[in-house]
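J.: Below you'll find my_file07.txt; it's compact mmCIF, C-alpha atoms and all ligand atoms.
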```txt
# COMPACT_ATOMS: atom_id res chain seq x y z
CA MET A 510 -55.46 233.90 177.12
CA GLN A 511 -53.98 236.48 174.70
CA THR A 512 -56.25 239.37 173.78
CA LEU A 513 -56.09 242.40 171.56
CA THR A 514 -55.26 245.53 173.52
CA GLU A 515 -57.69 248.43 173.42
CA VAL A 516 -55.14 250.57 171.61
CA GLU A 517 -54.69 247.92 168.94
CA MET A 518 -58.46 247.41 168.68
CA SER A 519 -59.05 251.10 168.06
CA SER A 520 -56.17 251.52 165.61
CA LEU A 521 -57.25 248.46 163.66
CA THR A 522 -60.84 249.69 163.62
CA LYS A 523 -59.57 253.04 162.27
CA LEU A 524 -57.71 251.15 159.56
CA GLY A 525 -61.05 249.63 158.67
CA TYR A 526 -60.25 245.98 158.93
CA LEU A 527 -61.34 244.88 162.37
CA GLU A 528 -64.72 243.19 162.56
CA ILE A 529 -64.62 241.70 166.03
CA GLU A 530 -66.42 243.53 168.81
CA PRO A 531 -64.20 245.29 171.39
CA ASP A 532 -65.53 243.06 174.20
CA VAL A 533 -64.87 239.83 172.31
CA ARG A 534 -61.97 237.97 173.91
CA LEU A 535 -60.13 235.64 171.61
CA ASP A 536 -57.64 232.91 172.32
CA LEU A 537 -55.18 234.18 169.74
CA VAL A 538 -53.01 231.07 169.75
CA GLU A 539 -56.04 228.87 169.04
CA GLU A 540 -57.34 231.27 166.36
CA ILE A 541 -53.92 231.40 164.65
CA GLN A 542 -53.72 227.59 164.62
CA LYS A 543 -57.22 227.45 163.05
CA LEU A 544 -56.32 230.05 160.40
CA LYS A 545 -53.16 228.14 159.52
CA LYS A 546 -55.20 225.03 158.69
CA GLU A 547 -58.07 226.87 157.00
CA LYS A 548 -55.79 228.85 154.69
CA ASN A 549 -52.95 226.34 154.24
CA ALA A 550 -50.60 228.96 155.66
CA VAL A 551 -47.13 228.45 157.10
CA ILE A 552 -45.63 230.71 159.78
CA LEU A 553 -41.87 231.22 159.40
CA ALA A 554 -40.34 233.02 162.39
CA HIS A 555 -36.90 234.43 163.10
CA TYR A 556 -35.28 233.79 166.51
CA TYR A 557 -35.53 237.51 167.33
CA GLN A 558 -39.34 237.43 167.41
CA GLU A 559 -41.28 237.63 170.67
CA SER A 560 -41.29 234.19 172.34
CA GLU A 561 -45.08 233.88 172.01
CA ILE A 562 -44.72 234.26 168.22
CA GLN A 563 -41.90 231.69 168.14
CA ASP A 564 -44.20 229.31 170.04
CA VAL A 565 -46.91 229.36 167.31
CA ALA A 566 -44.50 229.22 164.35
CA ASP A 567 -44.11 226.19 162.08
CA TYR A 568 -40.43 226.87 161.67
CA ILE A 569 -38.03 229.06 163.64
CA GLY A 570 -34.63 229.76 162.18
CA ASP A 571 -31.85 232.06 161.09
CA SER A 572 -31.89 233.98 157.82
CA LEU A 573 -30.46 231.06 155.82
CA GLY A 574 -32.82 228.45 157.27
CA LEU A 575 -35.78 230.75 156.75
CA SER A 576 -34.94 231.38 153.10
CA GLN A 577 -34.38 227.64 152.53
CA LYS A 578 -37.76 226.87 154.13
CA ALA A 579 -39.43 229.61 152.08
CA ALA A 580 -37.94 228.09 148.91
CA GLN A 581 -39.31 224.63 149.78
CA THR A 582 -42.78 225.32 151.17
CA ASP A 583 -45.95 224.04 149.53
CA ALA A 584 -48.18 226.30 151.65
CA ASP A 585 -50.45 228.77 149.80
CA ILE A 586 -49.66 231.62 152.17
CA ILE A 587 -46.31 232.41 153.80
CA VAL A 588 -46.69 234.44 156.98
CA PHE A 589 -43.29 235.91 157.73
CA ALA A 590 -42.74 236.68 161.39
CA GLY A 591 -39.57 238.65 160.87
CA VAL A 592 -38.59 241.86 159.12
CA HIS A 593 -39.26 243.34 155.69
CA PHE A 594 -36.15 242.10 153.86
CA MET A 595 -36.87 238.53 155.00
CA ALA A 596 -40.45 238.64 153.73
CA GLU A 597 -39.22 240.20 150.47
CA THR A 598 -36.76 237.33 150.05
CA ALA A 599 -39.61 234.84 150.55
CA LYS A 600 -41.69 236.71 147.97
CA MET A 601 -38.86 236.72 145.42
CA LEU A 602 -38.55 232.95 145.85
CA ASN A 603 -42.35 232.52 145.64
CA PRO A 604 -43.72 235.14 143.23
CA ASN A 605 -47.04 233.31 142.91
CA LYS A 606 -47.69 232.90 146.61
CA LYS A 607 -49.12 235.41 149.03
CA VAL A 608 -46.44 236.57 151.48
CA LEU A 609 -47.65 238.42 154.58
CA LEU A 610 -45.71 240.45 157.15
CA PRO A 611 -47.63 241.26 160.36
CA ASP A 612 -46.25 244.82 160.44
CA LEU A 613 -45.10 246.34 157.17
CA LYS A 614 -43.00 248.87 159.12
CA ALA A 615 -40.81 246.09 160.55
CA GLY A 616 -37.67 247.24 158.73
CA CYS A 617 -33.95 246.82 159.41
CA SER A 618 -31.35 249.47 160.27
CA LEU A 619 -28.71 247.49 158.38
CA ALA A 620 -30.80 247.29 155.20
CA ASP A 621 -31.59 251.03 155.58
CA SER A 622 -27.86 251.82 155.84
CA CYS A 623 -27.38 250.89 152.17
CA PRO A 624 -29.82 252.71 149.85
CA ALA A 625 -29.71 251.15 146.37
CA PRO A 626 -29.19 254.44 144.38
CA LEU A 627 -26.11 255.33 146.51
CA PHE A 628 -24.78 251.81 146.25
CA GLN A 629 -25.21 251.85 142.48
CA LYS A 630 -22.88 254.89 142.26
CA PHE A 631 -20.39 253.24 144.64
CA LYS A 632 -20.46 250.01 142.63
CA ALA A 633 -19.74 251.95 139.42
CA SER A 634 -16.28 252.83 140.86
CA PHE A 635 -15.43 249.12 141.01
CA PRO A 636 -16.76 247.79 137.70
CA ASP A 637 -14.78 244.52 137.79
CA HIS A 638 -15.71 243.53 141.34
CA VAL A 639 -18.10 240.74 142.30
CA VAL A 640 -20.83 242.10 144.59
CA VAL A 641 -21.61 239.98 147.65
CA SER A 642 -24.48 241.32 149.76
CA TYR A 643 -25.54 240.17 153.19
CA ILE A 644 -29.16 239.05 152.88
CA ASN A 645 -30.08 241.89 155.30
CA CYS A 646 -30.62 244.33 152.43
CA THR A 647 -33.51 245.58 150.31
CA ALA A 648 -34.88 243.87 147.21
CA GLU A 649 -33.48 246.80 145.16
CA LEU A 650 -30.00 246.15 146.53
CA LYS A 651 -30.37 242.49 145.61
CA THR A 652 -30.91 243.54 142.00
CA LEU A 653 -27.38 245.06 142.13
CA THR A 654 -25.86 241.97 143.78
CA ASP A 655 -24.14 238.90 142.29
CA ILE A 656 -24.35 236.57 145.30
CA CYS A 657 -26.14 236.92 148.62
CA CYS A 658 -24.92 235.45 151.88
CA THR A 659 -26.07 235.11 155.46
CA SER A 660 -23.97 234.96 158.60
CA SER A 661 -24.20 231.12 158.47
CA ASN A 662 -22.73 230.69 155.00
CA ALA A 663 -20.77 233.93 154.42
CA GLU A 664 -17.33 232.32 154.64
CA VAL A 665 -18.32 229.55 152.18
CA ILE A 666 -19.81 232.10 149.77
CA ILE A 667 -16.68 234.29 149.82
CA ASN A 668 -14.46 231.23 149.35
CA SER A 669 -16.57 230.16 146.35
CA ILE A 670 -15.43 233.26 144.44
CA PRO A 671 -12.26 232.67 142.37
CA GLU A 672 -9.11 234.10 144.03
CA ASP A 673 -8.40 236.36 141.05
CA ARG A 674 -11.74 238.18 141.40
CA GLN A 675 -12.05 241.25 143.62
CA ILE A 676 -15.07 241.64 145.89
CA ILE A 677 -17.35 244.39 147.20
CA PHE A 678 -19.11 243.35 150.41
CA ALA A 679 -22.29 245.19 151.50
CA PRO A 680 -23.92 246.41 153.65
CA ASP A 681 -22.42 245.26 157.00
CA LYS A 682 -18.92 246.59 157.69
CA ASN A 683 -18.58 244.49 160.87
CA LEU A 684 -19.43 241.18 159.20
CA GLY A 685 -17.27 242.32 156.26
CA ALA A 686 -14.24 243.02 158.50
CA TYR A 687 -14.72 239.66 160.21
CA LEU A 688 -14.85 237.89 156.82
CA LYS A 689 -11.74 239.68 155.60
CA LYS A 690 -9.87 238.19 158.56
CA LYS A 691 -11.39 234.72 158.20
CA THR A 692 -10.90 234.36 154.45
CA GLY A 693 -7.83 236.55 153.88
CA ARG A 694 -9.66 238.29 150.99
CA ASP A 695 -9.14 242.03 150.66
CA MET A 696 -12.74 243.14 150.10
CA VAL A 697 -14.11 246.64 149.55
CA LEU A 698 -16.63 247.24 152.35
CA TRP A 699 -19.81 249.32 152.39
CA ASN A 700 -20.03 251.34 155.62
CA GLY A 701 -23.27 249.94 157.09
CA ALA A 702 -24.10 248.39 160.46
CA CYS A 703 -26.89 246.97 162.61
CA MET A 704 -28.09 249.23 165.43
CA VAL A 705 -28.56 246.27 167.80
CA HIS A 706 -25.16 244.63 167.32
CA GLU A 707 -23.24 247.91 167.61
CA ILE A 708 -24.67 248.73 171.03
CA PHE A 709 -22.82 246.22 173.23
CA SER A 710 -20.57 247.66 175.91
CA MET A 711 -17.05 246.24 176.11
CA GLU A 712 -16.63 247.54 179.65
CA LYS A 713 -19.86 245.98 180.90
CA ILE A 714 -19.12 242.69 179.12
CA ASP A 715 -15.69 242.59 180.81
CA SER A 716 -17.23 243.13 184.21
CA MET A 717 -19.94 240.53 183.51
CA ARG A 718 -17.27 238.00 182.52
CA ARG A 719 -15.42 238.67 185.79
CA LYS A 720 -18.70 238.09 187.65
CA HIS A 721 -19.36 234.82 185.76
CA PRO A 722 -15.86 233.39 185.19
CA ASP A 723 -17.21 229.99 184.07
CA ALA A 724 -19.54 231.44 181.43
CA GLU A 725 -18.57 231.37 177.76
CA PHE A 726 -18.95 234.58 175.79
CA ILE A 727 -20.61 234.00 172.40
CA ALA A 728 -21.22 236.67 169.76
CA HIS A 729 -22.86 237.28 166.39
CA PRO A 730 -20.50 238.44 163.59
CA GLU A 731 -22.56 241.63 163.15
CA CYS A 732 -20.90 242.81 166.42
CA GLU A 733 -17.97 245.22 166.37
CA GLU A 734 -14.42 243.90 165.98
CA LYS A 735 -13.46 244.71 169.61
CA ILE A 736 -16.35 242.53 170.86
CA LEU A 737 -15.58 239.67 168.43
CA ALA A 738 -11.90 239.79 169.47
CA VAL A 739 -12.77 238.53 172.97
CA ALA A 740 -15.52 236.04 172.03
CA ASP A 741 -15.15 232.30 172.76
CA PHE A 742 -17.43 231.53 169.82
CA ILE A 743 -18.69 233.56 166.84
CA GLY A 744 -21.61 232.44 164.67
CA SER A 745 -25.05 233.06 163.22
CA THR A 746 -28.08 232.70 165.48
CA THR A 747 -28.53 229.02 164.56
CA GLN A 748 -24.82 228.35 165.02
CA MET A 749 -24.89 230.08 168.44
CA LEU A 750 -27.92 228.02 169.47
CA LYS A 751 -26.24 224.77 168.39
CA TYR A 752 -23.06 225.79 170.18
CA THR A 753 -24.87 226.30 173.50
CA ILE A 754 -26.39 222.81 173.14
CA SER A 755 -23.10 221.04 172.41
CA SER A 756 -20.81 223.01 174.75
CA PRO A 757 -20.08 221.35 178.12
CA LYS A 758 -20.32 224.80 179.76
CA ASN A 759 -23.38 225.68 181.82
CA ALA A 760 -23.52 229.45 181.38
CA PHE A 761 -23.30 231.78 178.37
CA ILE A 762 -23.13 235.52 177.90
CA VAL A 763 -24.88 236.09 174.58
CA ALA A 764 -24.04 239.07 172.33
CA THR A 765 -26.90 239.22 169.86
CA GLU A 766 -30.57 240.20 169.92
CA ALA A 767 -32.10 238.89 173.15
CA GLY A 768 -34.95 236.98 171.41
CA ILE A 769 -32.62 234.03 170.72
CA LEU A 770 -32.44 233.30 174.46
CA HIS A 771 -35.93 231.78 174.30
CA GLN A 772 -34.82 228.85 172.10
CA MET A 773 -31.51 228.52 173.98
CA GLN A 774 -33.36 228.17 177.26
CA LEU A 775 -35.90 225.73 175.78
CA ALA A 776 -33.13 223.55 174.32
CA SER A 777 -30.99 223.59 177.50
CA PRO A 778 -33.28 224.31 180.47
CA GLN A 779 -30.52 223.46 182.96
CA LYS A 780 -28.13 226.09 181.54
CA THR A 781 -27.98 229.83 182.26
CA PHE A 782 -28.15 232.44 179.49
CA ILE A 783 -27.24 236.05 180.13
CA PRO A 784 -27.90 238.72 177.48
CA ALA A 785 -24.78 240.82 176.83
CA PRO A 786 -25.35 244.34 178.18
CA PRO A 787 -25.74 247.39 175.93
CA GLU A 788 -23.93 250.73 176.51
CA THR A 789 -26.97 252.40 178.07
CA ASN A 790 -29.58 251.05 180.45
CA CYS A 791 -32.12 250.65 177.65
CA ALA A 792 -33.38 247.42 176.09
CA CYS A 793 -31.19 248.20 173.07
CA ASN A 794 -30.24 244.55 172.64
CA GLU A 795 -33.83 244.05 171.45
CA CYS A 796 -34.40 244.88 167.79
CA PRO A 797 -37.19 247.51 167.62
CA HIS A 798 -37.99 246.36 164.07
CA MET A 799 -38.33 242.68 164.94
CA LYS A 800 -40.35 243.61 167.99
CA ARG A 801 -42.95 245.53 165.97
CA ASN A 802 -44.61 242.18 165.29
CA THR A 803 -46.97 241.02 168.02
CA LEU A 804 -49.22 237.99 168.40
CA GLU A 805 -52.22 240.30 167.85
CA LYS A 806 -50.81 241.63 164.60
CA LEU A 807 -49.99 238.09 163.51
CA TYR A 808 -53.61 237.07 164.06
CA ILE A 809 -55.01 240.12 162.26
CA CYS A 810 -52.63 239.66 159.33
CA MET A 811 -53.63 236.01 158.92
CA LYS A 812 -57.33 236.74 159.25
CA TYR A 813 -57.41 239.61 156.73
CA GLU A 814 -54.42 238.48 154.65
CA LEU A 815 -52.87 241.90 155.07
CA PRO A 816 -50.35 243.50 154.89
CA GLU A 817 -49.02 241.70 151.86
CA ILE A 818 -45.55 242.01 150.30
CA ILE A 819 -45.89 243.27 146.74
CA LEU A 820 -42.88 243.47 144.42
CA ASP A 821 -42.76 244.30 140.74
CA GLN A 822 -41.89 241.53 138.31
CA GLN A 823 -38.59 243.09 137.23
CA THR A 824 -37.30 243.36 140.81
CA ILE A 825 -38.32 239.76 141.45
CA LEU A 826 -36.63 238.41 138.32
CA LYS A 827 -33.44 240.41 138.77
CA GLY A 828 -33.25 240.24 142.57
CA ARG A 829 -33.84 236.52 143.03
CA LYS A 830 -30.75 235.50 141.02
CA CYS A 831 -28.36 236.35 143.87
CA ILE A 832 -30.55 234.46 146.36
CA GLU A 833 -30.71 231.41 144.11
CA ALA A 834 -26.93 231.52 143.64
CA MET A 835 -26.55 231.55 147.44
CA LEU A 836 -29.00 228.67 147.94
CA GLU A 837 -27.22 226.56 145.33
CA ILE A 838 -23.78 227.04 146.91
CA SER A 839 -25.25 226.44 150.38
CA GLN A 840 -26.88 223.20 149.30
CA LYS A 841 -23.64 221.92 147.76
CA ALA A 842 -21.84 222.85 151.00
CA GLY A 843 -24.37 220.83 153.02
CA PHE A 844 -26.31 223.63 154.71
CA GLY A 845 -29.88 222.52 155.46
CA PRO A 846 -32.72 224.36 157.20
CA GLY A 847 -32.36 221.95 160.20
P1 LIG B 901 -29.00 235.36 161.41
O1 LIG B 901 -30.23 234.89 162.10
O2 LIG B 901 -28.92 234.87 160.02
O3 LIG B 901 -27.80 235.04 162.22
O4 LIG B 901 -29.10 236.96 161.27
C1 LIG B 901 -29.21 237.80 162.34
C2 LIG B 901 -29.94 239.04 162.05
O5 LIG B 901 -29.55 240.12 162.38
C3 LIG B 901 -31.18 238.93 161.34
O6 LIG B 901 -31.72 240.18 161.19
FE1 LIG B 902 -31.75 244.46 161.10
FE2 LIG B 902 -30.16 244.36 163.21
FE3 LIG B 902 -32.77 244.14 163.55
FE4 LIG B 902 -31.39 242.15 162.40
S1 LIG B 902 -31.21 242.85 164.49
S2 LIG B 902 -33.35 243.01 161.72
S3 LIG B 902 -29.83 243.31 161.30
S4 LIG B 902 -31.70 245.95 162.77
```
What's the structure tokens form of this structure?
T.:
Amino acid sequence: MQTLTEVEMSSLTKLGYLEIEPDVRLDLVEEIQKLKKEKNAVILAHYYQESEIQDVADYIGDSLGLSQKAAQTDADIIVFAGVHFMAETAKMLNPNKKVLLPDLKAGCSLADSCPAPLFQKFKASFPDHVVVSYINCTAELKTLTDICCTSSNAEVIINSIPEDRQIIFAPDKNLGAYLKKKTGRDMVLWNGACMVHEIFSMEKIDSMRRKHPDAEFIAHPECEEKILAVADFIGSTTQMLKYTISSPKNAFIVATEAGILHQMQLASPQKTFIPAPPETNCACNECPHMKRNTLEKLYICMKYELPEIILDQQTILKGRKCIEAMLEISQKAGFGPG
């Protein structure tokens, strides 16, 4: 049985929205399932969430799948078990629905690496360029963007832009460099990165590969070029998951946030999944932002319908255009939420 910790009890009481007695023990999974039905709520979870959150979600996916699901849902409340930019995207696609995020401080180092006012100045130096932004960016940045992309559809999005148009790609320099190689387009890159995908150690990966010579090494395109250069497969979280299912290999060294291993292991229980090691001996291949959400916070947020994502009308109207453009191209290219 999952229970609220004493620390969480007392901090929630201080915040003034905890009514249950400290000695009340709740089955959080059961309570969350009840709240879902009562409130016609849907839980959308990213693969990097704690496994116990993934296990209660209605849909688990990558950034593209999650935005496609958010665009299609007929639920009254969207509970986003992910980070702030993902919940913002869901809100922009559903301005009249309530969108909740269990912890409002669940941010993203990549989104933070590209503040909109600085980007606006940068963009002014390239007035004729089309702006493509990775969906891992703030709502404000989306208002300065022509087309969004995710790691699943980035190549298709770049290729959809006429050859005679020049492109700015923001905020991820690693994904940008990878796309320059894949598409042959000479894009201007913003200098941002994800703290989790920049932490992998080449030396330790090499030694791990020597230790597991039959394992395939798979990596997310947010990783640095030197890591991608030695990968057997590169793809978004959903693409990596699908690859591990279809590959005849029985072992994989996985260079992305370690939360994805839960679904990989569930889909292929007979296979072995090894998280790629970070530089230091910390758990740096776990995203501290994603991991701010807990089952307890998910329950509290559903019960009290807080914290809620609030965006002003102008940001929604201006920012959603680049998401809609992405969804349209993705649909034509046959990408579905799976
Ligand atoms: P995808 O799940 O779209 O591959 O993105 C990974 C990521 O870093 C999300 O924050
Ligand atoms: Fe942002 Fe990286 Fe965490 Fe994804 S893994 S939410 S890109 S900090």
J.: Write out as a list in words each polymer residue whose atoms come within 8 Å of A:Gly616, counting all atoms listed in the file; drop sequence neighbours fewer than 2 positions from it.
T.: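 In the requested format, the answer is Val592, His593, Phe594, Leu613, Lys614, Ser618, Ala620, Asp621, His798 and Met799 of chain A.
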J.: In terms of the shortest atom-to-atom distance over all atoms listed in the file, which of A:Pro604, A:Pro787, A:Pro611, A:Gly591 is closest to ligand LIG 901 (chain B)?
T.: A:Gly591
J.: Write out, as CSV, each residue of stretch 795-846 of chain A that has an atom at most 10 Å from stretch 653-672 of chain A, together with the closest pair of atoms and their distance in Å to one decimal, counting all atoms listed in the file, rows going by chain and rising number.
T.:
```
residue,atom,partner,partner_atom,distance
A:Lys827,CA,A:Leu653,CA,8.3
A:Gly828,CA,A:Leu653,CA,7.6
A:Arg829,CA,A:Cys657,CA,9.5
A:Lys830,CA,A:Asp655,CA,7.5
A:Cys831,CA,A:Ile656,CA,4.3
A:Ile832,CA,A:Cys657,CA,5.5
A:Glu833,CA,A:Ile656,CA,8.3
A:Ala834,CA,A:Ile656,CA,5.9
A:Met835,CA,A:Cys657,CA,5.5
A:Leu836,CA,A:Cys657,CA,8.8
A:Ile838,CA,A:Ile666,CA,7.0
A:Ser839,CA,A:Asn662,CA,6.8
A:Ala842,CA,A:Val665,CA,7.7
A:Phe844,CA,A:Asn662,CA,7.9
```
J.: Please extract the residues at most 10 Å from ligand LIG 901 (chain B), counting all atoms listed in the file, and provide them as a VMD selection string, using the chain letters and residue numbers of this document.
T.: chain A and resid 555 to 557 569 to 576 591 to 595 616 to 620 643 to 646 658 to 663 703 to 706 729 to 732 744 to 749 765 to 766 769 796 798 to 799
J.: For A:Ala633, which residue out of A:Leu609, A:Glu733, A:Ile677, A:Glu725 is the nearest one, using only C-alpha atoms?
T.: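 Answer, going by the shortest atom-to-atom distance: A:Ile677.
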J.: I'd like the interatomic distance between atom CA of A:Ile552 and atom CA of A:Lys607, to a tenth of an Å.
T.: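 About the pair atom CA of A:Ile552 and atom CA of A:Lys607: they are 12.2 Å apart.
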J.: Pick out the closest residue to A:Phe635 from this set: A:Val697, A:Ala679, A:Ala580, A:Leu602. Count only C-alpha atoms.
T.: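 Between A:Val697, A:Ala679, A:Ala580, A:Leu602, the residue approaching A:Phe635 most closely is A:Val697.
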